[in-house]
$ cat upload.pdb   # PDB, C-alpha atoms
ATOM      1  CA  MET A   1      55.969  71.145 179.224
ATOM      2  CA  SER A   2      56.309  71.180 182.976
ATOM      3  CA  PRO A   3      55.364  74.524 184.520
ATOM      4  CA  LEU A   4      58.709  74.324 186.359
ATOM      5  CA  GLU A   5      60.650  74.274 183.063
ATOM      6  CA  PRO A   6      61.707  77.971 183.218
ATOM      7  CA  LEU A   7      63.145  77.373 186.681
ATOM      8  CA  LEU A   8      64.884  74.128 185.720
ATOM      9  CA  SER A   9      66.513  75.860 182.737
ATOM     10  CA  SER A  10      68.223  78.354 185.066
ATOM     11  CA  PRO A  11      71.998  77.731 185.170
ATOM     12  CA  TYR A  12      72.119  78.706 188.849
ATOM     13  CA  VAL A  13      69.281  76.322 189.778
ATOM     14  CA  GLN A  14      71.123  73.577 187.855
ATOM     15  CA  MET A  15      74.395  74.429 189.604
ATOM     16  CA  MET A  16      72.639  74.118 192.980
ATOM     17  CA  ARG A  17      71.153  70.791 191.708
ATOM     18  CA  VAL A  18      67.708  71.639 193.117
ATOM     19  CA  ARG A  19      65.072  68.968 192.338
ATOM     20  CA  PHE A  20      61.319  68.896 192.777
ATOM     21  CA  ASP A  21      59.071  66.103 193.889
ATOM     22  CA  GLY A  22      55.383  66.624 193.174
ATOM     23  CA  HIS A  23      52.486  64.569 194.515
ATOM     24  CA  GLY A  24      49.034  65.895 193.680
ATOM     25  CA  ASP A  25      49.071  69.554 194.592
ATOM     26  CA  GLU A  26      51.989  69.184 197.001
ATOM     27  CA  LEU A  27      55.396  70.177 195.695
ATOM     28  CA  THR A  28      58.554  69.505 197.689
ATOM     29  CA  ALA A  29      61.844  71.096 196.686
ATOM     30  CA  ILE A  30      65.011  69.146 197.427
ATOM     31  CA  LEU A  31      68.501  70.615 197.844
ATOM     32  CA  PRO A  32      70.812  67.576 197.647
ATOM     33  CA  TYR A  33      73.805  67.821 199.964
ATOM     34  CA  THR A  34      77.193  68.550 198.424
ATOM     35  CA  GLU A  35      80.339  69.744 200.174
ATOM     36  CA  THR A  36      80.160  73.022 198.259
ATOM     37  CA  LEU A  37      77.000  73.986 200.199
ATOM     38  CA  VAL A  38      78.898  74.151 203.478
ATOM     39  CA  GLY A  39      79.276  77.664 204.848
ATOM     40  CA  ASN A  40      81.191  76.945 208.030
ATOM     41  CA  PRO A  41      83.030  73.602 208.077
ATOM     42  CA  LEU A  42      83.776  73.947 211.798
ATOM     43  CA  ILE A  43      80.165  73.704 213.010
ATOM     44  CA  PRO A  44      79.612  72.200 210.356
ATOM     45  CA  ALA A  45      76.650  74.048 208.869
ATOM     46  CA  LEU A  46      75.338  74.756 205.390
ATOM     47  CA  HIS A  47      75.751  78.342 204.159
ATOM     48  CA  GLY A  48      72.859  80.583 205.223
ATOM     49  CA  GLY A  49      72.923  82.173 201.789
ATOM     50  CA  ALA A  50      72.523  78.780 200.124
ATOM     51  CA  ILE A  51      69.495  78.015 202.320
ATOM     52  CA  GLY A  52      68.021  81.466 201.576
ATOM     53  CA  ALA A  53      68.579  81.015 197.830
ATOM     54  CA  PHE A  54      67.047  77.503 197.959
ATOM     55  CA  MET A  55      63.937  78.901 199.642
ATOM     56  CA  GLU A  56      63.667  81.651 196.991
ATOM     57  CA  ILE A  57      63.799  78.940 194.316
ATOM     58  CA  THR A  58      61.114  77.002 196.236
ATOM     59  CA  ALA A  59      58.890  80.107 196.346
ATOM     60  CA  SER A  60      59.284  80.563 192.568
ATOM     61  CA  ALA A  61      58.412  76.895 192.027
ATOM     62  CA  ALA A  62      55.275  77.200 194.163
ATOM     63  CA  LEU A  63      54.152  80.162 192.060
ATOM     64  CA  LEU A  64      54.978  78.500 188.724
ATOM     65  CA  ALA A  65      53.138  75.334 189.794
ATOM     66  CA  GLY A  66      50.170  77.285 191.129
ATOM     67  CA  THR A  67      49.326  79.455 188.090
ATOM     68  CA  ARG A  68      50.330  79.716 184.436
ATOM     69  CA  LEU A  69      52.952  82.444 184.401
ATOM     70  CA  ALA A  70      54.524  84.039 181.315
ATOM     71  CA  ALA A  71      57.885  84.502 183.048
ATOM     72  CA  GLN A  72      59.783  83.468 186.155
ATOM     73  CA  PRO A  73      58.618  85.273 189.306
ATOM     74  CA  LYS A  74      61.008  88.015 190.412
ATOM     75  CA  PRO A  75      61.690  88.560 194.110
ATOM     76  CA  ILE A  76      60.776  92.041 195.399
ATOM     77  CA  ASP A  77      61.706  91.450 199.014
ATOM     78  CA  VAL A  78      62.365  88.425 201.168
ATOM     79  CA  SER A  79      62.857  87.947 204.867
ATOM     80  CA  VAL A  80      64.617  84.841 206.137
ATOM     81  CA  ASP A  81      64.588  83.546 209.711
ATOM     82  CA  TYR A  82      67.374  81.105 210.540
ATOM     83  CA  LEU A  83      65.946  78.768 213.133
ATOM     84  CA  ARG A  84      68.693  76.158 213.642
ATOM     85  CA  PRO A  85      71.997  75.281 211.978
ATOM     86  CA  ALA A  86      71.456  73.300 208.766
ATOM     87  CA  ARG A  87      73.497  70.105 209.015
ATOM     88  CA  PRO A  88      75.557  68.682 206.136
ATOM     89  CA  GLN A  89      72.704  66.668 204.649
ATOM     90  CA  ASP A  90      69.831  67.174 202.171
ATOM     91  CA  VAL A  91      67.383  70.034 202.761
ATOM     92  CA  TYR A  92      63.683  69.985 201.833
ATOM     93  CA  ALA A  93      61.301  72.914 201.435
ATOM     94  CA  ARG A  94      57.686  73.685 200.670
ATOM     95  CA  GLY A  95      56.109  76.976 199.690
ATOM     96  CA  ILE A  96      52.624  78.228 200.439
ATOM     97  CA  ILE A  97      51.114  81.094 198.462
ATOM     98  CA  THR A  98      49.623  83.311 201.144
ATOM     99  CA  ARG A  99      48.138  85.813 198.752
ATOM    100  CA  GLN A 100      48.213  86.124 194.984
ATOM    101  CA  GLY A 101      47.159  89.308 193.226
ATOM    102  CA  ALA A 102      47.425  90.296 189.566
ATOM    103  CA  ARG A 103      51.043  91.420 189.862
ATOM    104  CA  VAL A 104      52.336  90.544 193.305
ATOM    105  CA  ALA A 105      52.211  87.331 195.289
ATOM    106  CA  ASN A 106      53.146  86.757 198.912
ATOM    107  CA  VAL A 107      54.765  83.395 199.576
ATOM    108  CA  ARG A 108      55.885  81.596 202.722
ATOM    109  CA  VAL A 109      58.461  78.825 202.654
ATOM    110  CA  GLU A 110      59.692  76.435 205.309
ATOM    111  CA  ALA A 111      62.879  74.404 204.977
ATOM    112  CA  TRP A 112      63.653  71.318 207.034
ATOM    113  CA  GLN A 113      65.994  68.348 207.265
ATOM    114  CA  ASP A 114      65.246  65.468 209.648
ATOM    115  CA  ARG A 115      61.824  66.528 210.830
ATOM    116  CA  ARG A 116      59.373  68.747 209.048
ATOM    117  CA  ALA A 117      58.136  69.934 212.434
ATOM    118  CA  ALA A 118      61.635  71.256 213.232
ATOM    119  CA  PRO A 119      62.366  73.666 210.361
ATOM    120  CA  VAL A 120      65.923  74.936 209.866
ATOM    121  CA  ALA A 121      64.742  78.180 208.254
ATOM    122  CA  ALA A 122      61.634  80.042 207.128
ATOM    123  CA  LEU A 123      61.181  82.667 204.430
ATOM    124  CA  HIS A 124      58.427  85.030 203.522
ATOM    125  CA  GLY A 125      58.543  87.413 200.635
ATOM    126  CA  HIS A 126      56.822  89.289 197.858
ATOM    127  CA  PHE A 127      57.307  88.248 194.255
ATOM    128  CA  LEU A 128      56.473  90.086 191.050
ATOM    129  CA  ILE A 129      54.472  87.813 188.759
ATOM    130  CA  LYS A 130      53.282  88.060 185.165
ATOM    131  CA  PRO A 131      50.273  85.796 184.559
ATOM    132  CA  GLU A 132      50.125  84.234 181.097
ATOM    133  CA  GLY A 133      48.068  86.121 178.505
ATOM    134  CA  GLU A 134      48.671  89.569 180.015
ATOM    135  CA  GLY A 135      50.714  92.287 178.305
TER     136      GLY A 135
ATOM    137  CA  MET B   1      93.435  98.565 219.914
ATOM    138  CA  ALA B   2      91.780  99.262 216.580
ATOM    139  CA  ASP B   3      95.145  98.600 214.926
ATOM    140  CA  ASP B   4      95.355  95.263 216.742
ATOM    141  CA  LEU B   5      91.898  94.382 215.454
ATOM    142  CA  GLN B   6      92.840  95.398 211.910
ATOM    143  CA  THR B   7      95.962  93.211 212.161
ATOM    144  CA  LEU B   8      93.828  90.307 213.364
ATOM    145  CA  LEU B   9      91.317  90.833 210.540
ATOM    146  CA  ASP B  10      94.109  91.054 207.974
ATOM    147  CA  THR B  11      95.530  87.783 209.325
ATOM    148  CA  LEU B  12      92.150  86.056 209.197
ATOM    149  CA  ALA B  13      91.034  87.586 205.873
ATOM    150  CA  PRO B  14      92.210  84.720 203.627
ATOM    151  CA  LEU B  15      90.367  82.190 205.840
ATOM    152  CA  LEU B  16      87.103  84.111 205.966
ATOM    153  CA  VAL B  17      86.266  83.250 202.363
ATOM    154  CA  ASP B  18      88.560  80.317 201.541
ATOM    155  CA  GLY B  19      87.384  78.595 204.727
ATOM    156  CA  SER B  20      83.804  78.580 203.437
ATOM    157  CA  PRO B  21      83.291  75.998 200.662
ATOM    158  CA  HIS B  22      80.069  77.625 199.442
ATOM    159  CA  ALA B  23      81.695  81.068 199.131
ATOM    160  CA  VAL B  24      84.572  79.456 197.226
ATOM    161  CA  ALA B  25      82.144  77.576 194.939
ATOM    162  CA  LEU B  26      80.407  80.837 194.025
ATOM    163  CA  GLY B  27      83.757  82.572 193.435
ATOM    164  CA  PHE B  28      83.306  85.204 196.172
ATOM    165  CA  ARG B  29      86.306  87.428 196.850
ATOM    166  CA  LEU B  30      86.891  89.516 199.958
ATOM    167  CA  GLU B  31      87.812  93.049 198.906
ATOM    168  CA  ARG B  32      88.046  94.708 202.297
ATOM    169  CA  ILE B  33      87.501  93.895 205.967
ATOM    170  CA  GLU B  34      87.860  96.519 208.684
ATOM    171  CA  PRO B  35      86.489  96.854 212.224
ATOM    172  CA  GLY B  36      82.720  96.763 211.662
ATOM    173  CA  MET B  37      82.702  96.592 207.874
ATOM    174  CA  ALA B  38      83.246  94.141 205.046
ATOM    175  CA  GLU B  39      83.156  94.357 201.283
ATOM    176  CA  MET B  40      82.845  91.257 199.123
ATOM    177  CA  ARG B  41      82.536  90.646 195.377
ATOM    178  CA  ALA B  42      80.577  88.012 193.437
ATOM    179  CA  PRO B  43      81.911  87.498 189.921
ATOM    180  CA  TYR B  44      79.590  87.536 186.939
ATOM    181  CA  ARG B  45      79.639  83.918 185.849
ATOM    182  CA  ASP B  46      77.536  81.960 183.361
ATOM    183  CA  ASP B  47      76.661  79.277 185.898
ATOM    184  CA  LEU B  48      75.253  81.896 188.323
ATOM    185  CA  ILE B  49      72.684  83.202 185.817
ATOM    186  CA  GLY B  50      69.061  82.962 186.922
ATOM    187  CA  ASP B  51      67.219  83.526 183.657
ATOM    188  CA  PRO B  52      68.951  82.340 180.453
ATOM    189  CA  ASP B  53      66.876  84.836 178.399
ATOM    190  CA  THR B  54      67.927  87.982 180.282
ATOM    191  CA  ARG B  55      71.292  86.566 181.518
ATOM    192  CA  VAL B  56      70.707  88.343 184.844
ATOM    193  CA  LEU B  57      72.404  86.765 187.897
ATOM    194  CA  HIS B  58      70.024  84.754 190.081
ATOM    195  CA  GLY B  59      68.689  86.569 193.142
ATOM    196  CA  GLY B  60      70.032  83.675 195.210
ATOM    197  CA  VAL B  61      73.601  84.685 194.366
ATOM    198  CA  VAL B  62      72.907  88.188 195.697
ATOM    199  CA  THR B  63      71.299  86.601 198.782
ATOM    200  CA  ALA B  64      74.351  84.427 199.474
ATOM    201  CA  LEU B  65      76.727  87.350 198.867
ATOM    202  CA  LEU B  66      74.840  89.681 201.222
ATOM    203  CA  ASP B  67      74.499  86.931 203.838
ATOM    204  CA  HIS B  68      78.242  86.296 203.790
ATOM    205  CA  ALA B  69      79.263  89.988 203.739
ATOM    206  CA  CYS B  70      76.847  90.784 206.612
ATOM    207  CA  GLY B  71      78.272  87.868 208.622
ATOM    208  CA  LEU B  72      81.790  89.186 208.122
ATOM    209  CA  ALA B  73      80.775  92.718 209.151
ATOM    210  CA  ALA B  74      79.147  91.279 212.302
ATOM    211  CA  PHE B  75      82.287  89.251 213.026
ATOM    212  CA  ALA B  76      84.482  92.318 212.534
ATOM    213  CA  GLY B  77      82.037  94.430 214.568
ATOM    214  CA  LEU B  78      82.176  92.011 217.496
ATOM    215  CA  GLY B  79      85.951  92.372 217.670
ATOM    216  CA  GLY B  80      86.946  89.540 215.344
ATOM    217  CA  LYS B  81      86.799  86.961 218.107
ATOM    218  CA  ASP B  82      83.432  85.275 218.140
ATOM    219  CA  ALA B  83      81.863  83.597 215.146
ATOM    220  CA  THR B  84      78.194  84.445 214.761
ATOM    221  CA  ALA B  85      74.993  82.717 213.728
ATOM    222  CA  THR B  86      72.511  84.567 211.493
ATOM    223  CA  LEU B  87      69.173  85.186 213.203
ATOM    224  CA  ASP B  88      67.468  86.808 210.245
ATOM    225  CA  LEU B  89      68.192  88.451 206.949
ATOM    226  CA  ARG B  90      65.837  90.842 205.180
ATOM    227  CA  LEU B  91      66.510  91.654 201.532
ATOM    228  CA  ASP B  92      65.005  94.263 199.229
ATOM    229  CA  TYR B  93      65.698  93.656 195.542
ATOM    230  CA  MET B  94      65.777  97.143 194.008
ATOM    231  CA  ARG B  95      66.529  96.171 190.407
ATOM    232  CA  PRO B  96      68.137  93.345 188.417
ATOM    233  CA  ALA B  97      71.945  93.389 188.320
ATOM    234  CA  GLU B  98      73.348  94.397 184.942
ATOM    235  CA  PRO B  99      74.300  91.261 182.935
ATOM    236  CA  GLY B 100      78.074  90.968 182.615
ATOM    237  CA  ARG B 101      78.846  92.943 185.748
ATOM    238  CA  ASP B 102      80.184  91.664 189.082
ATOM    239  CA  VAL B 103      78.082  92.392 192.161
ATOM    240  CA  VAL B 104      79.757  93.931 195.210
ATOM    241  CA  ALA B 105      78.270  93.826 198.716
ATOM    242  CA  VAL B 106      79.203  96.513 201.236
ATOM    243  CA  ALA B 107      78.145  95.610 204.790
ATOM    244  CA  ARG B 108      78.398  97.822 207.862
ATOM    245  CA  CYS B 109      77.854  96.772 211.446
ATOM    246  CA  VAL B 110      75.424  99.332 212.870
ATOM    247  CA  ARG B 111      75.737  98.077 216.425
ATOM    248  CA  ALA B 112      77.611  95.237 218.093
ATOM    249  CA  SER B 113      77.132  94.737 221.790
ATOM    250  CA  GLY B 114      77.290  91.666 223.986
ATOM    251  CA  LEU B 115      75.929  88.726 222.065
ATOM    252  CA  PHE B 116      74.266  90.631 219.233
ATOM    253  CA  ALA B 117      75.282  92.470 216.092
ATOM    254  CA  PHE B 118      73.051  94.385 213.687
ATOM    255  CA  VAL B 119      74.231  94.930 210.140
ATOM    256  CA  SER B 120      72.995  96.927 207.187
ATOM    257  CA  ALA B 121      74.291  96.298 203.685
ATOM    258  CA  ILE B 122      73.894  97.153 200.040
ATOM    259  CA  ALA B 123      74.788  95.247 196.898
ATOM    260  CA  HIS B 124      75.712  97.215 193.766
ATOM    261  CA  ASP B 125      77.121  96.508 190.323
ATOM    262  CA  GLY B 126      79.445  99.487 189.997
ATOM    263  CA  ASP B 127      77.683 102.483 191.525
ATOM    264  CA  GLU B 128      77.164 102.419 195.270
ATOM    265  CA  THR B 129      74.425 105.078 194.989
ATOM    266  CA  ASP B 130      72.358 102.856 192.656
ATOM    267  CA  PRO B 131      72.055  99.599 194.597
ATOM    268  CA  VAL B 132      70.850  96.289 193.196
ATOM    269  CA  ALA B 133      69.663  95.221 196.645
ATOM    270  CA  THR B 134      69.771  96.296 200.270
ATOM    271  CA  ALA B 135      69.810  94.099 203.345
ATOM    272  CA  ALA B 136      69.356  94.254 207.092
ATOM    273  CA  ALA B 137      70.513  91.351 209.239
ATOM    274  CA  ALA B 138      70.790  90.376 212.891
ATOM    275  CA  PHE B 139      73.446  88.040 214.260
ATOM    276  CA  MET B 140      74.035  86.309 217.538
ATOM    277  CA  VAL B 141      77.022  84.723 219.212
ATOM    278  CA  SER B 142      75.544  81.293 219.906
ATOM    279  CA  ARG B 143      76.997  78.409 221.862
ATOM    280  CA  VAL B 144      77.444  76.472 218.616
ATOM    281  CA  SER B 145      79.186  79.374 216.864
ATOM    282  CA  GLN B 146      81.399  79.962 219.934
ATOM    283  CA  GLU B 147      82.478  76.326 219.930
ATOM    284  CA  ALA B 148      83.267  76.666 216.218
ATOM    285  CA  ALA B 149      85.330  79.800 216.897
ATOM    286  CA  ALA B 150      87.245  78.006 219.656
ATOM    287  CA  LYS B 151      87.918  75.135 217.263
ATOM    288  CA  ALA B 152      89.165  77.640 214.676
ATOM    289  CA  ARG B 153      91.493  79.283 217.189
ATOM    290  CA  ARG B 154      92.981  75.910 218.121
ATOM    291  CA  ALA B 155      93.359  75.034 214.435
ATOM    292  CA  PHE B 156      95.030  78.307 213.530
ATOM    293  CA  GLY B 157      96.938  78.874 216.748
ATOM    294  CA  GLN B 158      95.106  82.059 217.713
ATOM    295  CA  SER B 159      95.257  82.823 221.395
ATOM    296  CA  ALA B 160      92.376  85.309 221.446
ATOM    297  CA  THR B 161      89.669  84.609 224.021
ATOM    298  CA  PRO B 162      85.944  85.067 223.395
ATOM    299  CA  ILE B 163      84.662  88.518 224.344
ATOM    300  CA  SER B 164      81.479  87.080 225.737
ATOM    301  CA  LYS B 165      80.138  83.949 227.311
ATOM    302  CA  VAL B 166      76.911  82.287 226.343
ATOM    303  CA  GLU B 167      74.767  80.824 229.099
ATOM    304  CA  GLU B 168      74.095  77.107 228.905
ATOM    305  CA  GLU B 169      70.635  76.507 227.486
TER     306      GLU B 169
END
$ encode --input "upload.pdb" --output "structure tokens"
Amino acid sequence: MSPLEPLLSSPYVQMMRVRFDGHGDELTAILPYTETLVGNPLIPALHGGAIGAFMEITASAALLAGTRLAAQPKPIDVSVDYLRPARPQDVYARGIITRQGARVANVRVEAWQDRRAAPVAALHGHFLIKPEGEG
Amino acid sequence: MADDLQTLLDTLAPLLVDGSPHAVALGFRLERIEPGMAEMRAPYRDDLIGDPDTRVLHGGVVTALLDHACGLAAFAGLGGKDATATLDLRLDYMRPAEPGRDVVAVARCVRASGLFAFVSAIAHDGDETDPVATAAAAFMVSRVSQEAAAKARRAFGQSATPISKVEEE
């Protein structure tokens, strides 16, 4: 079973149609563009909340891929910086586990579109984790 | 003046959610918008569940709800004229939302001046004193968001002029 199975079984993650592309120890999350992701059609830009949610999903995926967890990570707090408007096209993201303790992990995520060096948003947050085999 | 703003907000209210495809897709409903405050509801829906075992709504739904409600409070705080871009959004998840219950975000503009608006918000599932999450967000009237607001005014026949001008970059 893929370590990402708990995440992929989430109705909300399925509704957002988030996919993952793994190569070696690098995991890229993909948010495929659909019209329903648009927040403001006049700019047009994707909804900031959708980008934030996508980066939370990416952080969970990074944690699930990094360690065997008994349950999905739960966000404790997240902080999102919106760096440029996200255009109506696919969004990609990668998470880096900055620190992982027994219960809490700190994760950073960057999301980009055309160029990875020009991120559209960045997230950092704390997540509650439950490593496998612990009560 | 405040009455004029309330009239403007009441006029725009249907567009502030229905004009946003993502808010429509998630079923968000605007409950209240007043000068400097907005209240918006996310319905409890099976397709918004994060964990099928607990049936708790995904944190991302709460994120999107708070983001949208904070944006509306900033818009209403800046006089209902300029659209805003989110600079940052900080969320504290206090506890999981109760399965089966809608989540309501209440956002208040703490300060709106010139190009910036600062908003604080809570999300609750029935009791405002027992929040599911709290948020703090900063917004800016950017050139891009100003152009979008101008486009909206032309589209909807509003004659209001922007309250501020953004310098060319």
$ residues_around --input "upload.pdb" --residues "Gly27 (chain B)" --least-positions-apart "6" --cutoff "9 Å" --atoms "all atoms listed in the file" --output "list in words"
Arg41, Ala42, Pro43 and Arg45 of chain B
$ closest_residue --input "upload.pdb" --among "B:Glu34, B:Asp92, B:Asp102, B:Asp125" --to "chain A" --atoms "all atoms listed in the file"
B:Asp92
$ interface_residues --input "upload.pdb" --of "chain A" --to "chain B" --cutoff "7 Å" --atoms "all atoms listed in the file" --output "list in words"
Ser10, Pro11, Tyr12, Met15, Glu35, Thr36, Leu37, Val38, Gly39, Asn40, Pro41, Leu42, Ile43, His47, Gly48, Gly49, Ala50, Gly52, Ala53, Glu56, Pro75, Ile76, Asp77, Val78, Ser79, Val80, Asp81 and Tyr82 of chain A
$ atom_distance --input "upload.pdb" --atom1 "CA of Gln89 (chain A)" --atom2 "CA of Arg108 (chain A)"
22.6 Å
$ atom_distance --input "upload.pdb" --atom1 "CA of Glu110 (chain A)" --atom2 "CA of His23 (chain A)"
17.6 Å
$ axis_aligned_box --input "upload.pdb" --around "region 133-137 of chain B" --padding-each-side "6 Å" --output "lines of an AutoDock Vina configuration file"
center_x = 69.9
center_y = 93.8
center_z = 202.9
size_x = 13.2
size_y = 16.9
size_z = 24.6
$ resolve_selection --input "upload.pdb" --expression "the PyMOL selection byres ((chain B and resi 118) around 6)" --output "VMD selection string"
chain B and resid 109 to 111 117 119 137 to 138
$ write_last_selection --input "upload.pdb" --atoms "C-alpha atoms" --output "compact mmCIF listing (two decimals), keeping the file's coordinate frame"
# COMPACT_ATOMS: atom_id res chain seq x y z
CA CYS B 109 77.85 96.77 211.45
CA VAL B 110 75.42 99.33 212.87
CA ARG B 111 75.74 98.08 216.42
CA ALA B 117 75.28 92.47 216.09
CA VAL B 119 74.23 94.93 210.14
CA ALA B 137 70.51 91.35 209.24
CA ALA B 138 70.79 90.38 212.89
$ resolve_selection --input "upload.pdb" --expression "the PyMOL selection byres ((chain A and resi 102) around 8)" --output "count of residues only"
7
$ residues_near_point --input "upload.pdb" --point "(55.7, 86.4, 183.7)" --cutoff "12 Å" --atoms "only C-alpha atoms" --output "list in words"
Pro3, Pro6, Ser60, Leu63, Leu64, Thr67, Arg68, Leu69, Ala70, Ala71, Gln72, Pro73, Lys74, Ala102, Arg103, Val104, Phe127, Leu128, Ile129, Lys130, Pro131, Glu132, Gly133, Glu134 and Gly135 of chain A; Asp51 of chain B
$ write_last_selection --input "upload.pdb" --atoms "C-alpha atoms" --output "PDB file, in the frame of the given file"
ATOM      1  CA  PRO A   3      55.364  74.524 184.520  1.00  0.00           C
ATOM      2  CA  PRO A   6      61.707  77.971 183.218  1.00  0.00           C
ATOM      3  CA  SER A  60      59.284  80.563 192.568  1.00  0.00           C
ATOM      4  CA  LEU A  63      54.152  80.162 192.060  1.00  0.00           C
ATOM      5  CA  LEU A  64      54.978  78.500 188.724  1.00  0.00           C
ATOM      6  CA  THR A  67      49.326  79.455 188.090  1.00  0.00           C
ATOM      7  CA  ARG A  68      50.330  79.716 184.436  1.00  0.00           C
ATOM      8  CA  LEU A  69      52.952  82.444 184.401  1.00  0.00           C
ATOM      9  CA  ALA A  70      54.524  84.039 181.315  1.00  0.00           C
ATOM     10  CA  ALA A  71      57.885  84.502 183.048  1.00  0.00           C
ATOM     11  CA  GLN A  72      59.783  83.468 186.155  1.00  0.00           C
ATOM     12  CA  PRO A  73      58.618  85.273 189.306  1.00  0.00           C
ATOM     13  CA  LYS A  74      61.008  88.015 190.412  1.00  0.00           C
ATOM     14  CA  ALA A 102      47.425  90.296 189.566  1.00  0.00           C
ATOM     15  CA  ARG A 103      51.043  91.420 189.862  1.00  0.00           C
ATOM     16  CA  VAL A 104      52.336  90.544 193.305  1.00  0.00           C
ATOM     17  CA  PHE A 127      57.307  88.248 194.255  1.00  0.00           C
ATOM     18  CA  LEU A 128      56.473  90.086 191.050  1.00  0.00           C
ATOM     19  CA  ILE A 129      54.472  87.813 188.759  1.00  0.00           C
ATOM     20  CA  LYS A 130      53.282  88.060 185.165  1.00  0.00           C
ATOM     21  CA  PRO A 131      50.273  85.796 184.559  1.00  0.00           C
ATOM     22  CA  GLU A 132      50.125  84.234 181.097  1.00  0.00           C
ATOM     23  CA  GLY A 133      48.068  86.121 178.505  1.00  0.00           C
ATOM     24  CA  GLU A 134      48.671  89.569 180.015  1.00  0.00           C
ATOM     25  CA  GLY A 135      50.714  92.287 178.305  1.00  0.00           C
TER      26      GLY A 135
ATOM     27  CA  ASP B  51      67.219  83.526 183.657  1.00  0.00           C
TER      28      ASP B  51
END
